[in-house]
>>> print(open('coords-v2.pdb').read())   # PDB, C-alpha atoms, pLDDT in the B column
ATOM      1  CA  MET U 288     120.575 115.961 102.951  1.00 59.00           C
ATOM      2  CA  ASN U 289     118.774 112.842 104.164  1.00 71.00           C
ATOM      3  CA  ALA U 290     117.879 110.111 101.692  1.00 88.00           C
ATOM      4  CA  GLN U 291     114.235 109.127 101.205  1.00 92.00           C
ATOM      5  CA  TYR U 292     113.317 105.434 101.195  1.00 89.00           C
ATOM      6  CA  SER U 293     110.129 103.562 100.470  1.00 94.00           C
ATOM      7  CA  ILE U 294     108.663 100.113 100.727  1.00 94.00           C
ATOM      8  CA  ARG U 295     105.492  98.838  99.076  1.00 96.00           C
ATOM      9  CA  ARG U 296     103.807  95.569  99.905  1.00 96.00           C
ATOM     10  CA  GLU U 297     100.618  94.033  98.540  1.00 96.00           C
ATOM     11  CA  GLN U 298      98.660  91.135  99.939  1.00 96.00           C
ATOM     12  CA  TRP U 299      95.472  89.505  98.791  1.00 96.00           C
ATOM     13  CA  VAL U 300      93.162  88.361 101.594  1.00 97.00           C
ATOM     14  CA  PRO U 301      90.234  86.018 100.842  1.00 97.00           C
ATOM     15  CA  ARG U 302      87.842  87.959 103.073  1.00 97.00           C
ATOM     16  CA  PRO U 303      85.413  90.855 102.423  1.00 98.00           C
ATOM     17  CA  LEU U 304      86.729  94.395 102.381  1.00 98.00           C
ATOM     18  CA  GLU U 305      84.671  95.514 105.390  1.00 97.00           C
ATOM     19  CA  GLU U 306      85.939  92.641 107.561  1.00 97.00           C
ATOM     20  CA  VAL U 307      89.586  93.248 106.697  1.00 97.00           C
ATOM     21  CA  PHE U 308      89.311  97.005 107.183  1.00 97.00           C
ATOM     22  CA  ALA U 309      87.547  96.504 110.532  1.00 96.00           C
ATOM     23  CA  PHE U 310      90.466  94.377 111.725  1.00 96.00           C
ATOM     24  CA  PHE U 311      92.931  97.144 110.837  1.00 92.00           C
ATOM     25  CA  SER U 312      90.641  99.765 112.382  1.00 89.00           C
ATOM     26  CA  ASP U 313      91.200  98.251 115.822  1.00 91.00           C
ATOM     27  CA  ALA U 314      94.501  99.633 117.149  1.00 90.00           C
ATOM     28  CA  GLN U 315      94.748  96.728 119.599  1.00 88.00           C
ATOM     29  CA  ASN U 316      95.444  94.448 116.628  1.00 93.00           C
ATOM     30  CA  LEU U 317      98.775  96.211 116.110  1.00 92.00           C
ATOM     31  CA  ASP U 318     100.133  93.936 118.812  1.00 91.00           C
ATOM     32  CA  LEU U 319      99.191  90.875 116.725  1.00 94.00           C
ATOM     33  CA  LEU U 320     100.939  92.314 113.669  1.00 95.00           C
ATOM     34  CA  THR U 321     104.191  93.342 115.357  1.00 95.00           C
ATOM     35  CA  PRO U 322     107.067  90.884 115.810  1.00 95.00           C
ATOM     36  CA  GLY U 323     107.798  89.858 119.389  1.00 93.00           C
ATOM     37  CA  PHE U 324     111.448  90.868 119.096  1.00 92.00           C
ATOM     38  CA  LEU U 325     110.300  94.516 119.131  1.00 93.00           C
ATOM     39  CA  HIS U 326     108.652  94.140 122.579  1.00 94.00           C
ATOM     40  CA  PHE U 327     105.837  96.364 121.288  1.00 94.00           C
ATOM     41  CA  GLN U 328     103.437  97.951 123.757  1.00 95.00           C
ATOM     42  CA  ILE U 329     100.637 100.454 123.129  1.00 95.00           C
ATOM     43  CA  LEU U 330     100.728 103.287 125.665  1.00 95.00           C
ATOM     44  CA  THR U 331      97.546 105.064 124.521  1.00 93.00           C
ATOM     45  CA  ALA U 332      94.669 104.283 126.884  1.00 91.00           C
ATOM     46  CA  ASP U 333      91.637 102.287 125.713  1.00 84.00           C
ATOM     47  CA  PRO U 334      89.357 102.865 123.991  1.00 83.00           C
ATOM     48  CA  ILE U 335      91.346 104.104 121.030  1.00 87.00           C
ATOM     49  CA  ARG U 336      89.100 105.773 118.484  1.00 86.00           C
ATOM     50  CA  ILE U 337      90.751 105.851 115.068  1.00 89.00           C
ATOM     51  CA  ALA U 338      89.902 109.069 113.225  1.00 91.00           C
ATOM     52  CA  PRO U 339      91.773 111.980 111.673  1.00 94.00           C
ATOM     53  CA  GLY U 340      93.895 113.630 114.350  1.00 94.00           C
ATOM     54  CA  ALA U 341      93.970 110.577 116.606  1.00 94.00           C
ATOM     55  CA  THR U 342      97.405 109.905 118.049  1.00 96.00           C
ATOM     56  CA  LEU U 343      98.732 106.569 119.187  1.00 95.00           C
ATOM     57  CA  GLN U 344     101.722 106.193 121.444  1.00 96.00           C
ATOM     58  CA  TYR U 345     103.844 103.059 121.658  1.00 95.00           C
ATOM     59  CA  LYS U 346     107.023 101.860 123.147  1.00 96.00           C
ATOM     60  CA  LEU U 347     109.242  99.185 121.689  1.00 94.00           C
ATOM     61  CA  ARG U 348     112.839  98.040 121.614  1.00 93.00           C
ATOM     62  CA  VAL U 349     114.915  98.324 118.457  1.00 86.00           C
ATOM     63  CA  HIS U 350     118.023  96.171 118.721  1.00 85.00           C
ATOM     64  CA  GLY U 351     117.681  96.422 122.491  1.00 87.00           C
ATOM     65  CA  VAL U 352     117.328 100.201 122.537  1.00 90.00           C
ATOM     66  CA  PRO U 353     114.068 101.488 124.081  1.00 95.00           C
ATOM     67  CA  VAL U 354     112.125 103.734 121.715  1.00 94.00           C
ATOM     68  CA  ARG U 355     108.949 105.745 122.144  1.00 97.00           C
ATOM     69  CA  TRP U 356     106.931 106.354 119.005  1.00 96.00           C
ATOM     70  CA  THR U 357     103.908 108.574 118.418  1.00 97.00           C
ATOM     71  CA  THR U 358     101.866 108.355 115.238  1.00 97.00           C
ATOM     72  CA  GLU U 359      98.964 110.469 114.079  1.00 97.00           C
ATOM     73  CA  ILE U 360      96.153 109.412 111.771  1.00 97.00           C
ATOM     74  CA  ILE U 361      96.072 112.075 109.054  1.00 98.00           C
ATOM     75  CA  CYS U 362      93.587 110.475 106.653  1.00 97.00           C
ATOM     76  CA  TRP U 363      90.678 108.136 107.407  1.00 97.00           C
ATOM     77  CA  ASP U 364      88.476 106.853 104.573  1.00 97.00           C
ATOM     78  CA  PRO U 365      86.699 103.652 105.700  1.00 96.00           C
ATOM     79  CA  PRO U 366      86.754 101.024 104.290  1.00 97.00           C
ATOM     80  CA  HIS U 367      89.256 102.106 101.632  1.00 98.00           C
ATOM     81  CA  SER U 368      92.266 103.702 103.265  1.00 97.00           C
ATOM     82  CA  PHE U 369      93.958 105.429 106.132  1.00 97.00           C
ATOM     83  CA  GLU U 370      97.295 107.124 106.603  1.00 97.00           C
ATOM     84  CA  ASP U 371      99.504 107.650 109.599  1.00 97.00           C
ATOM     85  CA  VAL U 372     102.635 109.702 110.113  1.00 98.00           C
ATOM     86  CA  GLN U 373     105.258 109.610 112.821  1.00 97.00           C
ATOM     87  CA  ARG U 374     105.086 112.653 115.089  1.00 98.00           C
ATOM     88  CA  SER U 375     107.961 111.477 117.287  1.00 96.00           C
ATOM     89  CA  GLY U 376     110.123 108.394 117.096  1.00 92.00           C
ATOM     90  CA  PRO U 377     113.211 106.888 115.524  1.00 90.00           C
ATOM     91  CA  TYR U 378     112.749 108.168 111.970  1.00 90.00           C
ATOM     92  CA  ARG U 379     113.283 111.645 110.609  1.00 92.00           C
ATOM     93  CA  HIS U 380     110.130 111.078 108.553  1.00 94.00           C
ATOM     94  CA  TRP U 381     107.630 108.160 108.380  1.00 95.00           C
ATOM     95  CA  HIS U 382     104.412 108.205 106.322  1.00 98.00           C
ATOM     96  CA  HIS U 383     102.427 104.959 106.042  1.00 97.00           C
ATOM     97  CA  THR U 384      99.478 104.634 103.648  1.00 98.00           C
ATOM     98  CA  HIS U 385      97.169 101.626 104.073  1.00 97.00           C
ATOM     99  CA  LEU U 386      94.962 100.897 101.040  1.00 98.00           C
ATOM    100  CA  PHE U 387      92.139  98.345 100.841  1.00 98.00           C
ATOM    101  CA  GLU U 388      90.177  97.439  97.719  1.00 98.00           C
ATOM    102  CA  PRO U 389      87.903  94.596  96.622  1.00 98.00           C
ATOM    103  CA  ALA U 390      89.753  92.154  94.377  1.00 96.00           C
ATOM    104  CA  ASP U 391      89.041  88.662  93.068  1.00 94.00           C
ATOM    105  CA  GLY U 392      86.357  87.901  95.665  1.00 95.00           C
ATOM    106  CA  GLY U 393      88.465  89.183  98.547  1.00 97.00           C
ATOM    107  CA  THR U 394      90.491  92.240  99.498  1.00 98.00           C
ATOM    108  CA  ARG U 395      93.784  93.554  98.179  1.00 97.00           C
ATOM    109  CA  MET U 396      95.736  95.375 100.849  1.00 97.00           C
ATOM    110  CA  THR U 397      98.568  97.680  99.865  1.00 97.00           C
ATOM    111  CA  ASP U 398     101.005  99.249 102.284  1.00 97.00           C
ATOM    112  CA  GLU U 399     103.179 102.116 101.121  1.00 97.00           C
ATOM    113  CA  VAL U 400     105.729 103.556 103.512  1.00 95.00           C
ATOM    114  CA  HIS U 401     107.952 106.532 102.775  1.00 96.00           C
ATOM    115  CA  TYR U 402     110.610 107.269 105.360  1.00 91.00           C
ATOM    116  CA  SER U 403     113.963 108.851 106.028  1.00 89.00           C
ATOM    117  CA  LEU U 404     116.498 108.581 108.805  1.00 84.00           C
ATOM    118  CA  PRO U 405     118.302 111.289 110.732  1.00 85.00           C
ATOM    119  CA  PHE U 406     122.084 111.788 110.734  1.00 75.00           C
ATOM    120  CA  GLY U 407     122.817 112.252 107.014  1.00 77.00           C
ATOM    121  CA  LEU U 408     125.575 109.917 105.805  1.00 76.00           C
ATOM    122  CA  LEU U 409     125.519 107.925 109.024  1.00 62.00           C
ATOM    123  CA  GLY U 410     121.760 107.412 108.586  1.00 68.00           C
ATOM    124  CA  ARG U 411     122.353 106.146 105.035  1.00 73.00           C
ATOM    125  CA  ALA U 412     124.938 103.652 106.255  1.00 77.00           C
ATOM    126  CA  VAL U 413     122.666 102.425 109.054  1.00 71.00           C
ATOM    127  CA  HIS U 414     119.827 102.059 106.543  1.00 75.00           C
ATOM    128  CA  ALA U 415     121.959  99.991 104.186  1.00 78.00           C
ATOM    129  CA  LEU U 416     123.285  97.765 106.977  1.00 75.00           C
ATOM    130  CA  ILE U 417     120.303  97.406 109.310  1.00 84.00           C
ATOM    131  CA  VAL U 418     117.134  99.451 108.855  1.00 82.00           C
ATOM    132  CA  ARG U 419     116.005  98.307 105.395  1.00 87.00           C
ATOM    133  CA  ARG U 420     116.277  94.671 106.449  1.00 91.00           C
ATOM    134  CA  ASP U 421     114.441  95.393 109.729  1.00 89.00           C
ATOM    135  CA  VAL U 422     111.542  97.124 107.947  1.00 91.00           C
ATOM    136  CA  GLU U 423     111.270  94.245 105.473  1.00 94.00           C
ATOM    137  CA  ARG U 424     111.292  91.685 108.337  1.00 93.00           C
ATOM    138  CA  ILE U 425     108.462  93.540 110.061  1.00 94.00           C
ATOM    139  CA  PHE U 426     106.343  93.525 106.884  1.00 95.00           C
ATOM    140  CA  ASP U 427     107.170  89.850 106.250  1.00 95.00           C
ATOM    141  CA  TYR U 428     106.014  89.020 109.785  1.00 96.00           C
ATOM    142  CA  ARG U 429     102.871  91.054 109.295  1.00 96.00           C
ATOM    143  CA  TYR U 430     102.122  89.305 105.979  1.00 96.00           C
ATOM    144  CA  ASP U 431     102.410  85.899 107.649  1.00 96.00           C
ATOM    145  CA  ARG U 432     100.154  86.858 110.600  1.00 96.00           C
ATOM    146  CA  ILE U 433      97.482  88.218 108.238  1.00 96.00           C
ATOM    147  CA  ARG U 434      97.645  85.024 106.153  1.00 96.00           C
ATOM    148  CA  GLU U 435      97.311  82.907 109.332  1.00 95.00           C
ATOM    149  CA  ARG U 436      94.287  84.918 110.449  1.00 96.00           C
ATOM    150  CA  PHE U 437      92.435  85.359 107.150  1.00 96.00           C
ATOM    151  CA  GLY U 438      93.979  82.842 104.745  1.00 93.00           C
ATOM    152  CA  GLY U 439      95.502  83.547 101.364  1.00 90.00           C
ATOM    153  CA  PRO U 440      98.645  82.564  99.498  1.00 87.00           C
ATOM    154  CA  PRO U 441     102.067  82.343 101.141  1.00 84.00           C
ATOM    155  CA  ARG U 442     104.510  85.203 100.557  1.00 83.00           C
ATOM    156  CA  GLY U 443     105.846  85.249  97.016  1.00 77.00           C
ATOM    157  CA  GLN U 444     102.831  83.554  95.443  1.00 73.00           C
ATOM    158  CA  PRO U 445     100.117  85.435  93.543  1.00 65.00           C
TER
END
>>> encode(input="coords-v2.pdb", output="C-alpha coordinates")
Amino acid sequence: MNAQYSIRREQWVPRPLEEVFAFFSDAQNLDLLTPGFLHFQILTADPIRIAPGATLQYKLRVHGVPVRWTTEIICWDPPHSFEDVQRSGPYRHWHHTHLFEPADGGTRMTDEVHYSLPFGLLGRAVHALIVRRDVERIFDYRYDRIRERFGGPPRGQP
(Lines of atoms letter the chains of each structure in order from A and count residues from 1; the text may use other names and numbers.)
(Lines give C-alpha, C1' and ligand atoms only; values in the text may rest on other atoms or scores of the structure.)
Protein backbone atom coordinates (compact mmCIF):
# COMPACT_ATOMS: atom_id res chain seq x y z
CA MET A 1 0.00 0.00 0.00
CA ASN A 2 1.24 3.50 -0.81
CA ALA A 3 1.60 6.05 1.96
CA GLN A 4 -0.38 9.30 1.81
CA TYR A 5 1.43 12.58 2.49
CA SER A 6 0.26 16.14 2.88
CA ILE A 7 1.62 19.64 3.13
CA ARG A 8 -0.23 22.75 4.25
CA ARG A 9 1.05 26.27 3.87
CA GLU A 10 -0.55 29.59 4.78
CA GLN A 11 0.50 33.04 3.70
CA TRP A 12 -0.96 36.43 4.43
CA VAL A 13 -0.83 38.89 1.53
CA PRO A 14 -1.52 42.60 2.12
CA ARG A 15 -3.67 42.91 -1.01
CA PRO A 16 -7.43 42.53 -1.66
CA LEU A 17 -8.88 39.08 -2.16
CA GLU A 18 -10.00 39.75 -5.75
CA GLU A 19 -6.53 40.94 -6.81
CA VAL A 20 -4.75 37.94 -5.29
CA PHE A 21 -7.25 35.46 -6.71
CA ALA A 22 -6.99 37.08 -10.16
CA PHE A 23 -3.22 36.57 -10.09
CA PHE A 24 -3.67 32.86 -9.35
CA SER A 25 -6.42 32.60 -11.97
CA ASP A 26 -3.90 33.33 -14.71
CA ALA A 27 -2.13 30.04 -15.53
CA GLN A 28 0.76 31.97 -17.08
CA ASN A 29 1.74 33.08 -13.57
CA LEU A 30 2.66 29.49 -12.73
CA ASP A 31 5.97 30.19 -14.41
CA LEU A 32 6.65 33.01 -11.93
CA LEU A 33 5.86 30.73 -8.99
CA THR A 34 7.95 27.74 -10.07
CA PRO A 35 11.66 27.49 -9.24
CA GLY A 36 14.02 27.74 -12.19
CA PHE A 37 15.73 24.46 -11.31
CA LEU A 38 12.57 22.66 -12.48
CA HIS A 39 12.85 24.11 -16.03
CA PHE A 40 9.06 24.48 -16.00
CA GLN A 41 7.22 25.05 -19.27
CA ILE A 42 3.48 25.22 -19.93
CA LEU A 43 2.52 23.15 -22.98
CA THR A 44 -1.18 24.10 -23.07
CA ALA A 45 -1.82 26.69 -25.78
CA ASP A 46 -2.94 30.23 -24.90
CA PRO A 47 -5.44 31.39 -23.95
CA ILE A 48 -5.90 29.09 -20.99
CA ARG A 49 -9.37 29.45 -19.52
CA ILE A 50 -9.45 28.20 -15.94
CA ALA A 51 -12.75 26.48 -15.17
CA PRO A 52 -13.92 23.08 -13.97
CA GLY A 53 -12.67 20.44 -16.40
CA ALA A 54 -9.86 22.59 -17.77
CA THR A 55 -6.62 20.68 -18.17
CA LEU A 56 -3.15 22.14 -18.13
CA GLN A 57 -0.13 20.34 -19.47
CA TYR A 58 3.44 21.10 -18.42
CA LYS A 59 6.87 19.74 -18.80
CA LEU A 60 9.64 20.09 -16.26
CA ARG A 61 12.80 18.39 -15.08
CA VAL A 62 12.96 16.71 -11.69
CA HIS A 63 16.56 16.07 -10.70
CA GLY A 64 17.42 16.17 -14.39
CA VAL A 65 14.72 13.71 -15.42
CA PRO A 66 12.19 15.09 -17.95
CA VAL A 67 8.61 14.82 -16.71
CA ARG A 68 5.28 15.61 -18.34
CA TRP A 69 2.47 16.56 -16.00
CA THR A 70 -1.23 17.08 -16.68
CA THR A 71 -3.53 18.64 -14.11
CA GLU A 72 -7.26 19.15 -14.20
CA ILE A 73 -9.24 21.85 -12.43
CA ILE A 74 -11.95 19.98 -10.53
CA CYS A 75 -13.39 22.84 -8.46
CA TRP A 76 -13.56 26.55 -9.28
CA ASP A 77 -15.15 28.98 -6.82
CA PRO A 78 -13.87 32.52 -7.52
CA PRO A 79 -12.58 34.35 -5.55
CA HIS A 80 -12.49 31.80 -2.72
CA SER A 81 -10.96 28.57 -3.94
CA PHE A 82 -9.99 26.18 -6.67
CA GLU A 83 -8.70 22.64 -6.74
CA ASP A 84 -6.55 20.74 -9.18
CA VAL A 85 -5.61 17.09 -9.42
CA GLN A 86 -2.87 15.35 -11.34
CA ARG A 87 -4.23 13.31 -14.25
CA SER A 88 -0.78 12.16 -15.37
CA GLY A 89 2.65 12.85 -13.94
CA PRO A 90 5.20 11.75 -11.38
CA TYR A 91 2.85 11.13 -8.45
CA ARG A 92 0.47 8.26 -7.88
CA HIS A 93 -1.97 10.85 -6.54
CA TRP A 94 -1.80 14.68 -6.26
CA HIS A 95 -4.69 16.88 -5.08
CA HIS A 96 -3.99 20.59 -4.50
CA THR A 97 -6.57 22.86 -2.85
CA HIS A 98 -6.01 26.63 -3.06
CA LEU A 99 -8.04 28.67 -0.55
CA PHE A 100 -8.34 32.46 -0.40
CA GLU A 101 -10.11 34.45 2.30
CA PRO A 102 -10.15 38.06 3.49
CA ALA A 103 -8.04 38.49 6.62
CA ASP A 104 -6.67 41.47 8.53
CA GLY A 105 -7.11 43.92 5.64
CA GLY A 106 -5.57 41.56 3.11
CA THR A 107 -5.89 37.96 1.95
CA ARG A 108 -4.97 34.71 3.64
CA MET A 109 -3.95 32.07 1.14
CA THR A 110 -3.89 28.43 2.18
CA ASP A 111 -2.46 25.63 0.09
CA GLU A 112 -3.27 22.05 1.00
CA VAL A 113 -1.69 19.25 -1.00
CA HIS A 114 -2.39 15.57 -0.51
CA TYR A 115 -0.21 13.20 -2.50
CA SER A 116 1.24 9.73 -2.73
CA LEU A 117 4.05 8.18 -4.69
CA PRO A 118 4.14 5.00 -6.74
CA PHE A 119 6.37 2.00 -5.98
CA GLY A 120 5.31 1.12 -2.41
CA LEU A 121 8.30 0.85 -0.07
CA LEU A 122 10.65 2.34 -2.64
CA GLY A 123 8.30 5.33 -2.98
CA ARG A 124 8.35 5.79 0.81
CA ALA A 125 12.14 5.77 0.86
CA VAL A 126 12.35 8.27 -2.01
CA HIS A 127 9.83 10.49 -0.22
CA ALA A 128 11.84 10.45 3.00
CA LEU A 129 15.13 11.14 1.21
CA ILE A 130 14.14 13.51 -1.59
CA VAL A 131 10.50 14.26 -2.40
CA ARG A 132 9.33 15.83 0.88
CA ARG A 133 12.26 18.25 0.82
CA ASP A 134 11.64 19.05 -2.87
CA VAL A 135 7.95 19.82 -2.28
CA GLU A 136 8.83 22.05 0.68
CA ARG A 137 11.48 23.89 -1.40
CA ILE A 138 8.93 24.56 -4.13
CA PHE A 139 6.45 26.02 -1.63
CA ASP A 140 9.21 28.06 0.05
CA TYR A 141 10.15 29.50 -3.35
CA ARG A 142 6.53 30.24 -4.11
CA TYR A 143 6.06 31.98 -0.74
CA ASP A 144 9.06 34.23 -1.43
CA ARG A 145 7.89 35.15 -4.97
CA ILE A 146 4.40 36.03 -3.69
CA ARG A 147 5.91 38.18 -0.92
CA GLU A 148 8.14 39.95 -3.49
CA ARG A 149 5.15 40.64 -5.73
CA PHE A 150 2.51 41.59 -3.16
CA GLY A 151 4.40 42.29 0.08
CA GLY A 152 3.83 40.69 3.45
CA PRO A 153 5.98 39.17 6.17
CA PRO A 154 8.98 36.95 5.48
CA ARG A 155 8.56 33.19 5.91
CA GLY A 156 8.25 32.19 9.55
CA GLN A 157 6.80 35.50 10.73
CA PRO A 158 3.09 36.03 11.44
>>> closest_residue(input="coords-v2.pdb", among="U:Tyr345, U:Tyr292, U:Phe327, U:Phe387", to="U:His414", atoms="only C-alpha atoms")
U:Tyr292
>>> resolve_selection(input="coords-v2.pdb", expression="the PyMOL selection byres ((chain U and resi 418-424) around 12)", output="PyMOL selection string")
chain U and resi 291-296+320-325+349-350+377-378+381+398-404+409-417+425-431
>>> residues_around(input="coords-v2.pdb", residues="U:Gly439", least_positions_apart="2", cutoff="10 Å", atoms="only C-alpha atoms", output="list in words")
Gln298, Trp299, Val300, Pro301, Arg302, Gly393, Tyr430, Asp431, Ile433, Arg434, Glu435, Arg436, Phe437, Pro441, Arg442, Gln444 and Pro445 of chain U
>>> atom_distance(input="coords-v2.pdb", atom1="atom CA of U:Leu304", atom2="atom CA of U:Asn316")
16.7 Å
>>> atom_distance(input="coords-v2.pdb", atom1="atom CA of U:Glu306", atom2="atom CA of U:Met396")
12.2 Å
>>> atom_distance(input="coords-v2.pdb", atom1="atom CA of U:Arg355", atom2="atom CA of U:Leu386")
25.8 Å
>>> residues_around(input="coords-v2.pdb", residues="U:Glu305", least_positions_apart="5", cutoff="9 Å", atoms="all atoms listed in the file", output="list in words")
Phe310, Pro365, Pro366, His367 and Thr394 of chain U
>>> closest_residue(input="coords-v2.pdb", among="U:His326, U:Leu317, U:Gly376, U:Cys362", to="U:Ala338", atoms="only C-alpha atoms")
U:Cys362
>>> resolve_selection(input="coords-v2.pdb", expression="the PyMOL selection byres ((chain U and resi 360) around 9)", output="JSON, numbers by chain")
{"U": [337, 338, 339, 340, 341, 342, 343, 358, 359, 361, 362, 363, 369, 370, 371, 372]}
>>> closest_residue(input="coords-v2.pdb", among="U:Arg379, U:Arg336, U:His385, U:Arg348", to="U:Phe406", atoms="all atoms listed in the file")
U:Arg379
